[in-house]
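Text of my_file07.json (JSON, C-alpha atoms) as supplied:
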```json
[["chain", "number", "residue", "atom", "x", "y", "z"],
["Z", 1, "MET", "CA", 76.64, 35.44, 22.13],
["Z", 2, "ARG", "CA", 73.04, 36.56, 22.28],
["Z", 3, "TRP", "CA", 72.08, 33.50, 24.28],
["Z", 4, "LEU", "CA", 74.73, 34.31, 26.86],
["Z", 5, "ARG", "CA", 73.35, 37.81, 27.35],
["Z", 6, "LEU", "CA", 69.87, 36.41, 27.72],
["Z", 7, "CYS", "CA", 70.62, 33.39, 29.83],
["Z", 8, "LEU", "CA", 73.47, 34.33, 32.08],
["Z", 9, "PRO", "CA", 71.51, 36.64, 34.37],
["Z", 10, "PHE", "CA", 68.79, 34.06, 34.44],
["Z", 11, "LEU", "CA", 71.12, 31.20, 35.29],
["Z", 12, "LEU", "CA", 72.95, 33.15, 37.93],
["Z", 13, "GLN", "CA", 69.68, 34.06, 39.46],
["Z", 14, "TRP", "CA", 68.10, 30.64, 39.30],
["Z", 15, "THR", "CA", 70.94, 28.22, 39.85],
["Z", 16, "ALA", "CA", 72.93, 29.92, 42.57],
["Z", 17, "TYR", "CA", 70.20, 30.06, 45.14],
["Z", 18, "ALA", "CA", 66.55, 29.59, 45.84],
["Z", 19, "MET", "CA", 64.62, 32.74, 46.20],
["Z", 20, "LEU", "CA", 61.27, 33.74, 47.54],
["Z", 21, "SER", "CA", 59.27, 35.88, 45.17],
["Z", 22, "VAL", "CA", 56.43, 38.23, 45.98],
["Z", 23, "ASP", "CA", 53.88, 35.48, 45.45],
["Z", 24, "ASN", "CA", 55.58, 33.21, 47.98],
["Z", 25, "THR", "CA", 56.75, 30.77, 45.34],
["Z", 26, "ILE", "CA", 60.18, 29.28, 45.94],
["Z", 27, "TRP", "CA", 62.21, 29.17, 42.73],
["Z", 28, "THR", "CA", 65.19, 26.90, 42.26],
["Z", 29, "GLY", "CA", 67.02, 25.64, 39.21],
["Z", 30, "THR", "CA", 69.66, 23.39, 37.73],
["Z", 31, "VAL", "CA", 71.22, 23.34, 34.29],
["Z", 32, "ALA", "CA", 71.95, 20.11, 32.43],
["Z", 33, "SER", "CA", 73.42, 21.49, 29.23],
["Z", 34, "LYS", "CA", 72.92, 23.68, 26.20],
["Z", 35, "GLN", "CA", 70.25, 25.95, 27.61],
["Z", 36, "GLU", "CA", 70.85, 28.21, 24.63],
["Z", 37, "ASP", "CA", 69.09, 25.71, 22.39],
["Z", 38, "THR", "CA", 66.02, 25.31, 24.58],
["Z", 39, "ALA", "CA", 62.88, 27.40, 24.41],
["Z", 40, "LEU", "CA", 64.13, 29.54, 27.28],
["Z", 41, "PRO", "CA", 65.95, 32.39, 25.48],
["Z", 42, "GLY", "CA", 63.04, 32.99, 23.11],
["Z", 43, "ILE", "CA", 60.49, 32.95, 25.90],
["Z", 44, "ILE", "CA", 62.51, 35.33, 28.08],
["Z", 45, "SER", "CA", 63.04, 37.61, 25.11],
["Z", 46, "ASP", "CA", 59.31, 37.60, 24.34],
["Z", 47, "LEU", "CA", 58.26, 38.32, 27.90],
["Z", 48, "GLY", "CA", 60.91, 40.89, 28.67],
["Z", 49, "GLY", "CA", 62.80, 39.32, 31.55],
["Z", 50, "ILE", "CA", 62.98, 36.88, 34.40],
["Z", 51, "ARG", "CA", 60.51, 38.73, 36.59],
["Z", 52, "GLU", "CA", 57.94, 38.63, 33.79],
["Z", 53, "LEU", "CA", 58.59, 34.94, 33.19],
["Z", 54, "LYS", "CA", 57.98, 34.16, 36.85],
["Z", 55, "ALA", "CA", 54.78, 36.20, 36.86],
["Z", 56, "GLU", "CA", 53.57, 34.39, 33.73],
["Z", 57, "VAL", "CA", 54.34, 30.93, 35.13],
["Z", 58, "VAL", "CA", 52.49, 31.80, 38.35],
["Z", 59, "PHE", "CA", 49.53, 33.14, 36.35],
["Z", 60, "ILE", "CA", 49.29, 29.93, 34.29],
["Z", 61, "LEU", "CA", 49.71, 27.65, 37.30],
["Z", 62, "ASN", "CA", 46.89, 29.57, 39.00],
["Z", 63, "LYS", "CA", 44.78, 29.03, 35.87],
["Z", 64, "ALA", "CA", 45.33, 25.28, 36.26],
["Z", 65, "LEU", "CA", 44.33, 25.45, 39.91],
["Z", 66, "SER", "CA", 41.21, 27.48, 39.24],
["Z", 67, "SER", "CA", 40.12, 25.23, 36.38],
["Z", 68, "ARG", "CA", 40.00, 22.33, 38.84],
["Z", 69, "ASN", "CA", 38.65, 24.48, 41.61],
["Z", 70, "SER", "CA", 41.71, 23.54, 43.60],
["Z", 71, "THR", "CA", 43.37, 25.88, 46.02],
["Z", 72, "SER", "CA", 46.42, 24.20, 47.41],
["Z", 73, "THR", "CA", 49.60, 22.93, 45.82],
["Z", 74, "ARG", "CA", 53.30, 23.07, 46.60],
["Z", 75, "ASN", "CA", 54.51, 26.62, 46.28],
["Z", 76, "ALA", "CA", 57.85, 25.55, 44.82],
["Z", 77, "VAL", "CA", 58.93, 25.64, 41.19],
["Z", 78, "HIS", "CA", 62.16, 23.99, 40.13],
["Z", 79, "LEU", "CA", 63.64, 24.86, 36.76],
["Z", 80, "ASP", "CA", 65.58, 22.05, 35.11],
["Z", 81, "VAL", "CA", 67.07, 23.12, 31.81],
["Z", 82, "GLY", "CA", 67.31, 19.89, 29.87],
["Z", 83, "TYR", "CA", 69.29, 18.46, 27.03],
["Z", 84, "CYS", "CA", 69.05, 19.92, 23.57],
["Z", 85, "PHE", "CA", 67.91, 17.91, 20.61],
["Z", 86, "GLN", "CA", 67.14, 20.75, 18.25],
["Z", 87, "GLY", "CA", 70.61, 20.34, 16.74],
["Z", 88, "LEU", "CA", 69.50, 17.06, 15.25],
["Z", 89, "PHE", "CA", 67.11, 18.80, 12.94],
["Z", 90, "ARG", "CA", 69.27, 21.62, 11.75],
["T", 1, "MET", "CA", 58.99, 21.06, 38.66],
["T", 2, "LEU", "CA", 59.69, 23.13, 35.56],
["T", 3, "TYR", "CA", 61.48, 21.68, 32.57],
["T", 4, "THR", "CA", 62.57, 23.50, 29.46],
["T", 5, "TRP", "CA", 63.00, 21.74, 26.16],
["T", 6, "THR", "CA", 63.54, 22.93, 22.66],
["T", 7, "TRP", "CA", 60.04, 24.18, 22.08],
["T", 8, "ALA", "CA", 58.45, 24.75, 25.44],
["T", 9, "ILE", "CA", 58.66, 24.98, 29.20],
["T", 10, "VAL", "CA", 56.90, 22.14, 30.98],
["T", 11, "SER", "CA", 55.80, 22.42, 34.58],
["T", 12, "LYS", "CA", 54.25, 19.82, 36.87],
["T", 13, "VAL", "CA", 51.39, 21.06, 39.00],
["T", 14, "CYS", "CA", 49.78, 18.83, 41.64],
["T", 15, "PHE", "CA", 46.37, 19.48, 43.14],
["T", 16, "ASP", "CA", 45.12, 18.89, 46.63],
["T", 17, "ASP", "CA", 43.43, 15.63, 45.55],
["T", 18, "GLY", "CA", 46.76, 14.17, 44.41],
["T", 19, "LEU", "CA", 46.15, 14.47, 40.65],
["T", 20, "CYS", "CA", 48.98, 16.11, 38.71],
["T", 21, "TRP", "CA", 48.92, 17.94, 35.39],
["T", 22, "ALA", "CA", 51.64, 18.89, 32.94],
["T", 23, "VAL", "CA", 51.56, 22.57, 32.02],
["T", 24, "LYS", "CA", 53.24, 23.20, 28.67],
["T", 25, "MET", "CA", 54.13, 26.83, 27.96],
["T", 26, "ASP", "CA", 55.62, 28.35, 24.84],
["T", 27, "GLN", "CA", 55.79, 31.57, 22.86],
["T", 28, "ASN", "CA", 52.50, 32.37, 21.18],
["T", 29, "ARG", "CA", 53.29, 31.87, 17.51],
["T", 30, "PRO", "CA", 49.96, 30.96, 15.86],
["T", 31, "ASP", "CA", 51.26, 31.20, 12.31],
["T", 32, "SER", "CA", 54.46, 29.26, 12.85],
["T", 33, "ILE", "CA", 54.93, 25.57, 12.24],
["T", 34, "PHE", "CA", 55.36, 25.16, 16.01],
["T", 35, "GLY", "CA", 52.03, 26.79, 16.78],
["T", 36, "ARG", "CA", 50.27, 24.70, 14.17],
["T", 37, "ALA", "CA", 51.91, 21.53, 15.47],
["T", 38, "ILE", "CA", 50.36, 22.26, 18.88],
["T", 39, "ASP", "CA", 46.95, 22.72, 17.22],
["T", 40, "PHE", "CA", 47.25, 19.45, 15.32],
["T", 41, "GLY", "CA", 48.45, 17.53, 18.36],
["T", 42, "THR", "CA", 45.64, 18.89, 20.53],
["T", 43, "SER", "CA", 43.02, 18.10, 17.87],
["T", 44, "ALA", "CA", 44.34, 14.56, 17.42],
["T", 45, "ALA", "CA", 44.31, 13.96, 21.19],
["T", 46, "ASP", "CA", 40.74, 15.26, 21.43],
["T", 47, "LEU", "CA", 39.57, 12.92, 18.66],
["T", 48, "LEU", "CA", 41.29, 9.90, 20.19],
["T", 49, "GLN", "CA", 39.76, 10.67, 23.58],
["T", 50, "ARG", "CA", 36.33, 10.98, 22.02],
["T", 51, "TYR", "CA", 36.33, 7.98, 19.67],
["T", 52, "CYS", "CA", 38.87, 5.59, 21.22],
["T", 53, "PRO", "CA", 39.09, 6.41, 24.92],
["T", 54, "ARG", "CA", 40.81, 3.09, 25.68],
["T", 55, "ILE", "CA", 43.92, 4.06, 23.74],
["T", 56, "PRO", "CA", 46.42, 5.26, 26.35],
["T", 57, "ILE", "CA", 47.33, 8.86, 25.65],
["T", 58, "ASN", "CA", 47.88, 11.65, 28.12],
["T", 59, "THR", "CA", 44.54, 13.33, 28.54],
["T", 60, "ALA", "CA", 44.31, 16.87, 27.17],
["T", 61, "ARG", "CA", 42.80, 19.29, 29.70],
["T", 62, "GLY", "CA", 42.60, 22.44, 27.63],
["T", 63, "CYS", "CA", 44.75, 25.23, 26.22],
["T", 64, "GLY", "CA", 44.82, 29.00, 26.48],
["T", 65, "VAL", "CA", 46.81, 32.10, 25.66],
["T", 66, "HIS", "CA", 48.02, 34.78, 28.03],
["T", 67, "LYS", "CA", 51.43, 36.24, 27.29],
["T", 68, "LEU", "CA", 52.55, 32.68, 26.59],
["T", 69, "ARG", "CA", 50.49, 29.97, 25.01],
["T", 70, "TYR", "CA", 49.81, 27.10, 27.40],
["T", 71, "CYS", "CA", 48.22, 23.66, 27.38],
["T", 72, "PHE", "CA", 47.30, 21.35, 30.24],
["T", 73, "THR", "CA", 47.47, 17.56, 30.07],
["T", 74, "ASP", "CA", 47.56, 14.80, 32.63],
["T", 75, "TRP", "CA", 51.06, 14.25, 34.00],
["T", 76, "VAL", "CA", 52.65, 10.99, 32.86],
["T", 77, "GLN", "CA", 55.50, 9.90, 35.09],
["T", 78, "GLY", "CA", 58.45, 8.28, 33.37],
["T", 79, "GLU", "CA", 61.04, 8.79, 30.67],
["T", 80, "THR", "CA", 60.54, 9.34, 26.98],
["T", 81, "LEU", "CA", 62.01, 6.84, 24.54],
["T", 82, "PHE", "CA", 64.25, 9.63, 23.33],
["T", 83, "ASP", "CA", 65.61, 10.40, 26.78],
["T", 84, "LYS", "CA", 66.03, 6.78, 27.73],
["T", 85, "TYR", "CA", 67.63, 5.30, 24.65],
["T", 86, "PHE", "CA", 69.09, 8.05, 22.50],
["T", 87, "PRO", "CA", 72.84, 8.59, 23.03],
["T", 88, "LYS", "CA", 73.63, 11.57, 25.24],
["T", 89, "GLU", "CA", 76.31, 12.69, 22.80],
["T", 90, "TYR", "CA", 74.12, 13.38, 19.83],
["T", 91, "PRO", "CA", 75.48, 12.01, 16.57],
["T", 92, "PRO", "CA", 74.42, 13.55, 13.26],
["T", 93, "MET", "CA", 70.81, 12.87, 12.32],
["T", 94, "GLY", "CA", 70.49, 9.49, 10.62],
["T", 95, "LYS", "CA", 73.76, 8.19, 12.03],
["T", 96, "ALA", "CA", 72.61, 7.14, 15.47],
["T", 97, "THR", "CA", 72.20, 3.47, 16.30],
["T", 98, "ILE", "CA", 69.45, 3.02, 18.84],
["T", 99, "THR", "CA", 68.53, -0.23, 20.54],
["T", 100, "ILE", "CA", 65.17, -0.50, 22.26],
["T", 101, "PRO", "CA", 63.65, -3.53, 24.03],
["T", 102, "GLN", "CA", 61.51, -5.95, 22.02],
["T", 103, "LYS", "CA", 58.61, -5.32, 24.38],
["T", 104, "THR", "CA", 58.74, -1.62, 23.50],
["T", 105, "VAL", "CA", 58.60, -2.46, 19.80],
["T", 106, "SER", "CA", 55.50, -4.59, 20.39],
["T", 107, "SER", "CA", 53.87, -1.86, 22.45],
["T", 108, "LEU", "CA", 54.56, 0.75, 19.80],
["T", 109, "ALA", "CA", 53.20, -1.52, 17.07],
["T", 110, "GLU", "CA", 50.03, -2.12, 19.07],
["T", 111, "PHE", "CA", 49.62, 1.59, 19.73],
["T", 112, "VAL", "CA", 50.08, 2.53, 16.08],
["T", 113, "TYR", "CA", 47.65, -0.21, 15.00],
["T", 114, "ASN", "CA", 45.03, 1.01, 17.45],
["T", 115, "VAL", "CA", 45.46, 4.65, 16.40],
["T", 116, "THR", "CA", 45.28, 3.91, 12.68],
["T", 117, "THR", "CA", 42.20, 1.70, 13.05],
["T", 118, "CYS", "CA", 40.35, 4.03, 15.42],
["T", 119, "PRO", "CA", 36.94, 4.70, 13.79],
["T", 120, "ILE", "CA", 37.22, 8.49, 13.55],
["T", 121, "PRO", "CA", 34.67, 9.86, 11.05],
["T", 122, "ALA", "CA", 36.31, 10.89, 7.79],
["T", 123, "ASN", "CA", 35.07, 14.45, 8.02],
["T", 124, "GLU", "CA", 36.85, 14.85, 11.36],
["T", 125, "SER", "CA", 40.01, 12.94, 10.58],
["T", 126, "LYS", "CA", 41.57, 15.64, 8.44],
["T", 127, "THR", "CA", 42.49, 19.17, 9.40],
["T", 128, "LEU", "CA", 42.76, 21.81, 6.74],
["T", 129, "LEU", "CA", 46.09, 23.49, 6.61],
["T", 130, "ARG", "CA", 46.20, 27.25, 6.27],
["T", 131, "SER", "CA", 47.74, 26.77, 2.82],
["T", 132, "ASP", "CA", 44.66, 24.72, 1.83],
["T", 133, "LEU", "CA", 42.37, 27.50, 2.96],
["T", 134, "ILE", "CA", 44.12, 30.18, 0.97],
["T", 135, "GLY", "CA", 44.81, 27.98, -2.03],
["T", 136, "GLY", "CA", 48.56, 28.04, -1.47]]
```
Can you give me the file's structure in the form of structure tokens?
Amino acid sequence: MRWLRLCLPFLLQWTAYAMLSVDNTIWTGTVASKQEDTALPGIISDLGGIRELKAEVVFILNKALSSRNSTSTRNAVHLDVGYCFQGLFR
Amino acid sequence: MLYTWTWAIVSKVCFDDGLCWAVKMDQNRPDSIFGRAIDFGTSAADLLQRYCPRIPINTARGCGVHKLRYCFTDWVQGETLFDKYFPKEYPPMGKATITIPQKTVSSLAEFVYNVTTCPIPANESKTLLRSDLIGG
């Protein structure tokens, strides 16, 4: 149940409510199914946690903005954990 | 909007001029088959943009590595063929019956024809695999 340990805190945090992080980004989320087979557990494990994932997403989104010399965008990120199709290739 | 799929997280970022990009983020695994697949896909998109710009692909806007590896492309609104036509209850591989519209078949055939006849110079149309480089 490694995926449960990794994902449950994340899902509780993301799907139950929207929250305002230190960078003023509003985070919300929904779960379709089988999040354990998405890239999410591996990415969270690599980064060390949800806080680190948020910081990394914000960093990369800011990279996109700076590469276009753009300064404004919606400060909302919605996480939609989608369907799994990895099982097809096992 | 942030989506997670089997191999990556995809986020949509929109700029103040209305243009939107897809931001694809994944673990940085340069030696894995996933990391190499990203390299090959990015190289192929670059070549198509350079030699056959009229072929409709989502424009690559660059990649980088921080803690995660990330790539930017233009955002294409819509559904993938997989999402639209593949059964939601996944049957075993090779046992799914999928029906797609005739127009989609024609479009795919045209796309494949255009890609395979794109005049990419021979010395740029092949990418050496790591196993080729080390004689494996």
### Message
Report, in Å to a single decimal, how far apart CA of Ile44 in chain Z and CA of Leu65 in chain Z are.
### Response
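Going from CA of Leu65 in chain Z over to CA of Ile44 in chain Z, I get 23.8 Å.
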#### Entry: Coordinates-based distance that separates CA of Pro53 in chain T from CA of Tyr113 in chain T (Å, one decimal)
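Interatomic distance, CA of Tyr113 in chain T to CA of Pro53 in chain T: 14.7 Å.
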### Task
Excluding range 22-28 of chain T and residues on its chain fewer than 3 positions from it, collect all residues at most 6 Å away from it, counting only C-alpha atoms, and give them as a ChimeraX atom specification.
/Z:43 /T:8-12,68-75
### Task
Identify, on the basis of only C-alpha atoms, every residue whose closest approach to Lys84 in chain T does not exceed 12 Å; exclude the query and any residue fewer than 3 positions from it along the same chain; express the result as a ChimeraX atom specification.
/T:78-81,87-88,98-101,104
### Query
Mind pulling up the distance from CA of Ala39 in chain Z to CA of Glu52 in chain Z?
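CA of Ala39 in chain Z lies at a distance of 15.4 Å from CA of Glu52 in chain Z.
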### Message
Please determine, counting all atoms listed in the file, which residue among T:Lys95, T:Leu48, T:Asp31, T:Lys67 has the shortest atom-to-atom distance to chain Z.
### Response
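Closest residue, counting all atoms listed in the file: T:Lys67.
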### Among listed residues Z:Ala64, Z:Lys54, Z:Ile26, Z:Gly48, nearest chain T (using all atoms listed in the file)
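When distances to chain T are compared using all atoms listed in the file, the smallest one comes from Z:Ala64.
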### Task
Between Z:Ser70, Z:Phe59, Z:Leu47, Z:Thr38, single out the one closest to Cys14 in chain T, counting only C-alpha atoms.
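Closest residue, counting only C-alpha atoms: Z:Ser70.
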#### Entry: Distance criterion (only C-alpha atoms): nearest to Trp27 in chain Z out of Z:Lys63, Z:Ser45, Z:Leu40, Z:Val57
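Distance minimum relative to Trp27 in chain Z lands on Z:Val57.
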### Message
Which residues are near range 114-128 of chain T? Cut-off 12 Å, only C-alpha atoms, ignore same chain within fewer than 3 positions. Put them as JSON, numbers by chain.
### Response
{"T": [36, 37, 39, 40, 41, 42, 43, 44, 45, 46, 47, 48, 49, 50, 51, 52, 53, 54, 55, 56, 57, 107, 108, 109, 110, 111, 131, 132, 133, 134, 135, 136]}
Can I get the selected residues back with C-alpha atoms, as a short mmCIF file (atom, residue, chain, number, x, y, z; two decimals), keeping the file's coordinate frame?
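Writing done, so here's out06.cif:
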```
data_model
loop_
_atom_site.label_atom_id
_atom_site.label_comp_id
_atom_site.auth_asym_id
_atom_site.auth_seq_id
_atom_site.Cartn_x
_atom_site.Cartn_y
_atom_site.Cartn_z
CA ARG T 36 50.27 24.70 14.17
CA ALA T 37 51.91 21.53 15.47
CA ASP T 39 46.95 22.72 17.22
CA PHE T 40 47.25 19.45 15.32
CA GLY T 41 48.45 17.53 18.36
CA THR T 42 45.64 18.89 20.53
CA SER T 43 43.02 18.10 17.87
CA ALA T 44 44.34 14.56 17.42
CA ALA T 45 44.31 13.96 21.19
CA ASP T 46 40.74 15.26 21.43
CA LEU T 47 39.57 12.92 18.66
CA LEU T 48 41.29 9.90 20.19
CA GLN T 49 39.76 10.67 23.58
CA ARG T 50 36.33 10.98 22.02
CA TYR T 51 36.33 7.98 19.67
CA CYS T 52 38.87 5.59 21.22
CA PRO T 53 39.09 6.41 24.92
CA ARG T 54 40.81 3.09 25.68
CA ILE T 55 43.92 4.06 23.74
CA PRO T 56 46.42 5.26 26.35
CA ILE T 57 47.33 8.86 25.65
CA SER T 107 53.87 -1.86 22.45
CA LEU T 108 54.56 0.75 19.80
CA ALA T 109 53.20 -1.52 17.07
CA GLU T 110 50.03 -2.12 19.07
CA PHE T 111 49.62 1.59 19.73
CA SER T 131 47.74 26.77 2.82
CA ASP T 132 44.66 24.72 1.83
CA LEU T 133 42.37 27.50 2.96
CA ILE T 134 44.12 30.18 0.97
CA GLY T 135 44.81 27.98 -2.03
CA GLY T 136 48.56 28.04 -1.47
#
```
### Query
Which one of T:Val76, T:Ala96, T:Ile38, T:Val105 sits closest to chain Z if you count all atoms listed in the file?
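Using all atoms listed in the file, chain Z sits closest to T:Ala96.
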